[in-house]
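Colleague: First the structure, then my questions, so here it is.
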Amino acid sequence: MSDPRVAKLADTLVNYSLNIKAGEFVVINTQPSAAPLIEELYRSILAVGAHPSTSITLPGLARLKLKYGSDEQLRWISPFDRIGNEQADVRISIDATTNTRELSGVDPARQAIAQASRRELMGTMMRRSASGDLRWCVTLFPTDALAQDANMSLADYEDFVYNTCFLNDPDPVARWRALHAEQEKLIGYLKGKREVRLLGEGTDLTLGIADRIFINCAGDSNFPDGEFFTGPEETKVNGAVRFSFPAVFGGREVEDVRLTFEDGRVVQATAKSGQDYLEQMLNLDDGARRLGEFAFGNNPNVQQYTKNILFDEKMGGTVHMALGAAYPETGGLNESALHWDMVCDLRQGGEVFVDGVLFAKDGKFVV
């Protein structure tokens with residue numbers, strides 16, 4: 001028996017998040033396990049008169065390429081990937097992995113080679129997104145593997161996922177618009193400010209935000225959503241930060257990441273586990289040691305860590321930062337093949353000051 005929330009998810013993505021129009025070229029990137037959502041999306045996209053195209057990757061292929069491919073093959077970019085990046089009007093990416101540890105046995109240096117090759121694609125996507133030529137959204141279809149990472153049964157995880165998307169509400173779109181209005185007030189307060197300071201366990205970090213733009217995320221580029229972010233000044237990040245939860249990227253988990261910044265650059269990086277992988281990613285290119293994003297999580301229905309950044313970075317009362325590429329629409333200039341989000345929990349004893357004035361305390365906004 002089909003879950004009616006899947007159809008509701010597809011309808012919301014097509015008609016609210018991405019506002020897909022007749023004649024547009026829409027690419028869906030995912031795995032076979034997302035078949036129920038693929039079908040509903042395909043139906044909804046056809047209903048508005050657009051042209052859906054699917055790019056479906058089999059589990060295990062990424063591991064095979066990383067283990068047995070030559071360096072040249074790792075650096076090769078498929079023409080199909082280029083077409084989707086350069087010509088699509090809309091891109092929908094659905095996480096539906098059936099093995100979240102598939103790449104855990106791969107040499108981190110091999111992953112670094114493959115990741116570095118994506119710099120051109122990432123730059124194209126970000127430029128087209130900033131100009132309005134490309135609209136994109138990342139979402140998720142619940143699988144057993146994702147549920148296990150979150151320490152939930154599949155049924156409980158499905159409830160969690162759809163609740164964070166507000167799909168249990170009678171009118172999800174109204175709820176997303178209300179969150180947008182709430183965040184717009186906070187963004188209005190931040191406009192014209194120059195500096196953010198974070199204080200918490202293992203954290204005393206300042207970030208320059210002068211002339212940078214905060215972007216209001218309320219169900220458009222991510223689904224679920226619930227954050228507002230900017231690109232901090234590239235040379236004005238100083239101090240130390242401890243990321244409260246394991247940082248997961250490229251199928252790897254790095255625990256207890258602590259970074260020290262001087263003039264915007266990471267000068268010291270430690271991890272309780274995954275140190276080698278962390279260093280490989282930091283040495284990926286010149287931009288990998290600088291922050292491309294700083295954001296406040298603000299989804300009230302995300303209150304627990306799930307080992308999936310799509311949810312964890314939206315957790316109310318947290319902030320997150322991404323090493324690597326910045327989104328040009330924020331005014332950020334950093335370029336990199338990397339964009340690795342890490343979450344800092346400020347809900348217990350944390351404080352955020354903006355130009356010296358208390359902005360948030362214990363995960364609650366106080367302005």
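So you can find residues: chains in the structure tokens are A, B, ... in the order shown, residues in each start at 1, and ligands are numbered from 1 in order.
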Please provide as an MDAnalysis selection string all residues within 6 Å of range 14-23 of chain A, with the sequence filter that same-chain residues fewer than 3 positions apart are discarded (counting only C-alpha atoms).
Modeller: chainID A and resid 11 48:50 219:220
Colleague: Go ahead and save the picked residues with N, CA and C atoms, as a short mmCIF file (atom, residue, chain, number, x, y, z; two decimals), in the first residue's frame.
Modeller:
```cif
data_model
loop_
_atom_site.label_atom_id
_atom_site.label_comp_id
_atom_site.auth_asym_id
_atom_site.auth_seq_id
_atom_site.Cartn_x
_atom_site.Cartn_y
_atom_site.Cartn_z
N ASP A 11 4.38 16.52 -4.75
CA ASP A 11 3.58 17.68 -5.14
C ASP A 11 4.18 18.96 -4.55
N VAL A 48 2.61 19.37 -14.92
CA VAL A 48 2.79 20.81 -15.13
C VAL A 48 3.36 21.10 -16.51
N GLY A 49 3.60 20.07 -17.31
CA GLY A 49 4.05 20.28 -18.68
C GLY A 49 5.55 20.37 -18.86
N ALA A 50 6.32 19.98 -17.84
CA ALA A 50 7.79 20.01 -17.94
C ALA A 50 8.31 18.68 -18.46
N GLY A 219 12.36 25.59 2.57
CA GLY A 219 11.73 24.55 1.77
C GLY A 219 11.97 24.65 0.28
N ASP A 220 13.06 25.33 -0.13
CA ASP A 220 13.31 25.46 -1.57
C ASP A 220 14.50 24.61 -2.02
#
```
Colleague: Within 7 Å of range 64-72 of chain A, counting only C-alpha atoms, which residues qualify if same-chain residues fewer than 6 places away don't, as number ranges by chain?
Modeller: A: 106, 110-111
Colleague: Can you work out which one of A:Pro59, A:Gly292, A:Asp107, A:Lys8 has the shortest atom-to-atom distance to Asp169 in chain A, counting only C-alpha atoms?
Modeller: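 Once distances to Asp169 in chain A are computed over only C-alpha atoms, the minimum belongs to A:Lys8.
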Colleague: Residues near Phe296 in chain A, anyone? I mean within 6 Å using only C-alpha atoms, not counting same-chain ones fewer than 4 positions away, as a list in words.
Modeller: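 Contacts, with the query itself left out: Glu227, Phe228 and Val319 of chain A.
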Colleague: Between A:Gln31, A:Asn299, A:Asn216, A:Asn334, which is the closest to Met126 in chain A once you count only C-alpha atoms?
Modeller: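 Nearest candidate to Met126 in chain A out of A:Gln31, A:Asn299, A:Asn216, A:Asn334: A:Asn334.
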Colleague: Residues of range 147-267 of chain A in strand (DSSP E or B) according to DSSP, as an mmCIF file with C-alpha atoms, in the first residue's frame?
Modeller:
```cif
data_model
loop_
_atom_site.group_PDB
_atom_site.id
_atom_site.type_symbol
_atom_site.label_atom_id
_atom_site.label_comp_id
_atom_site.auth_asym_id
_atom_site.auth_seq_id
_atom_site.Cartn_x
_atom_site.Cartn_y
_atom_site.Cartn_z
ATOM 1 C CA GLU A 195 30.789 40.321 13.143
ATOM 2 C CA VAL A 196 29.416 37.135 14.715
ATOM 3 C CA ARG A 197 31.035 35.561 17.767
ATOM 4 C CA LEU A 198 30.267 32.007 18.895
ATOM 5 C CA LEU A 199 30.911 30.816 22.443
ATOM 6 C CA GLY A 200 30.424 27.230 23.608
ATOM 7 C CA THR A 203 34.379 27.060 20.814
ATOM 8 C CA ASP A 204 35.354 30.723 20.717
ATOM 9 C CA LEU A 205 35.130 31.811 17.099
ATOM 10 C CA THR A 206 34.584 35.134 15.366
ATOM 11 C CA LEU A 207 33.385 35.475 11.773
ATOM 12 C CA GLY A 208 33.282 38.610 9.645
ATOM 13 C CA ILE A 215 19.810 33.591 2.468
ATOM 14 C CA ASN A 216 16.402 32.529 3.799
ATOM 15 C CA CYS A 217 15.920 28.766 3.342
ATOM 16 C CA ASN A 222 16.683 21.619 0.642
ATOM 17 C CA GLU A 227 18.060 27.634 8.094
ATOM 18 C CA PHE A 228 19.490 30.987 7.085
ATOM 19 C CA PHE A 229 23.074 31.167 5.865
ATOM 20 C CA THR A 230 25.774 33.394 4.444
ATOM 21 C CA VAL A 237 37.446 33.956 10.620
ATOM 22 C CA ASN A 238 39.530 33.582 13.795
ATOM 23 C CA GLY A 239 39.541 31.334 16.830
ATOM 24 C CA ALA A 240 38.554 27.755 17.565
ATOM 25 C CA VAL A 241 35.438 25.669 17.017
ATOM 26 C CA ARG A 242 34.474 22.202 18.159
ATOM 27 C CA ALA A 247 30.981 15.061 10.522
ATOM 28 C CA VAL A 248 29.860 12.710 7.749
ATOM 29 C CA PHE A 249 31.009 13.269 4.171
ATOM 30 C CA ARG A 252 33.088 8.644 5.919
ATOM 31 C CA GLU A 253 32.482 9.630 9.535
ATOM 32 C CA VAL A 254 34.953 11.929 11.315
ATOM 33 C CA GLU A 255 34.398 12.273 15.058
ATOM 34 C CA ARG A 258 38.183 20.677 16.204
ATOM 35 C CA LEU A 259 39.447 23.450 13.934
ATOM 36 C CA THR A 260 41.555 26.520 14.651
ATOM 37 C CA PHE A 261 41.381 29.449 12.224
ATOM 38 C CA GLU A 262 43.791 32.329 11.685
ATOM 39 C CA ARG A 265 42.395 29.721 7.163
ATOM 40 C CA VAL A 266 42.423 26.431 9.097
ATOM 41 C CA VAL A 267 45.846 26.223 10.745
#
```
Colleague: With only C-alpha atoms counted and 9 Å as the cut-off, give the residues of range 188-266 of chain A in contact with range 310-317 of chain A, each with its shortest interatomic distance in Å and the pair that gives it, as JSON lines.
Modeller:
```
{"residue": "A:Asn222", "atom": "CA", "partner": "A:Leu310", "partner_atom": "CA", "distance": 7.4}
{"residue": "A:Phe223", "atom": "CA", "partner": "A:Leu310", "partner_atom": "CA", "distance": 7.9}
{"residue": "A:Pro224", "atom": "CA", "partner": "A:Phe311", "partner_atom": "CA", "distance": 7.0}
{"residue": "A:Asp225", "atom": "CA", "partner": "A:Lys314", "partner_atom": "CA", "distance": 6.4}
{"residue": "A:Gly226", "atom": "CA", "partner": "A:Lys314", "partner_atom": "CA", "distance": 5.5}
{"residue": "A:Glu227", "atom": "CA", "partner": "A:Lys314", "partner_atom": "CA", "distance": 5.8}
{"residue": "A:Phe245", "atom": "CA", "partner": "A:Asp312", "partner_atom": "CA", "distance": 8.9}
```
Colleague: With only C-alpha atoms as the basis for distance, which of A:Cys344, A:Ala288, A:Ala271, A:Leu37 is at the shortest distance from Asp3 in chain A?
Modeller: A:Leu37
Colleague: With only C-alpha atoms as the atoms that count, which of A:Ala147, A:Leu13, A:Ala181, A:Ile209 lies nearest to Arg135 in chain A?
Modeller: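 Once distances to Arg135 in chain A are computed over only C-alpha atoms, the minimum belongs to A:Leu13.
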Colleague: What is the distance, in Å and to one decimal place, between CA of Glu234 in chain A and CA of Gly349 in chain A?
Modeller: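 Atom-to-atom, CA of Glu234 in chain A and CA of Gly349 in chain A are spaced 27.8 Å apart.
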Colleague: Which polymer residues have any atom within 7 Å of an atom of range 276-287 of chain A, counting only C-alpha atoms, with same-chain residues fewer than 2 positions away left out, as a list in words?
Modeller: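 Here the answer would be Pro108, Ala109, Ala112, Ala116, Gly274, Arg289, Arg290, Gly324, Ala325, Asn334, Glu335 and Ser336 of chain A.
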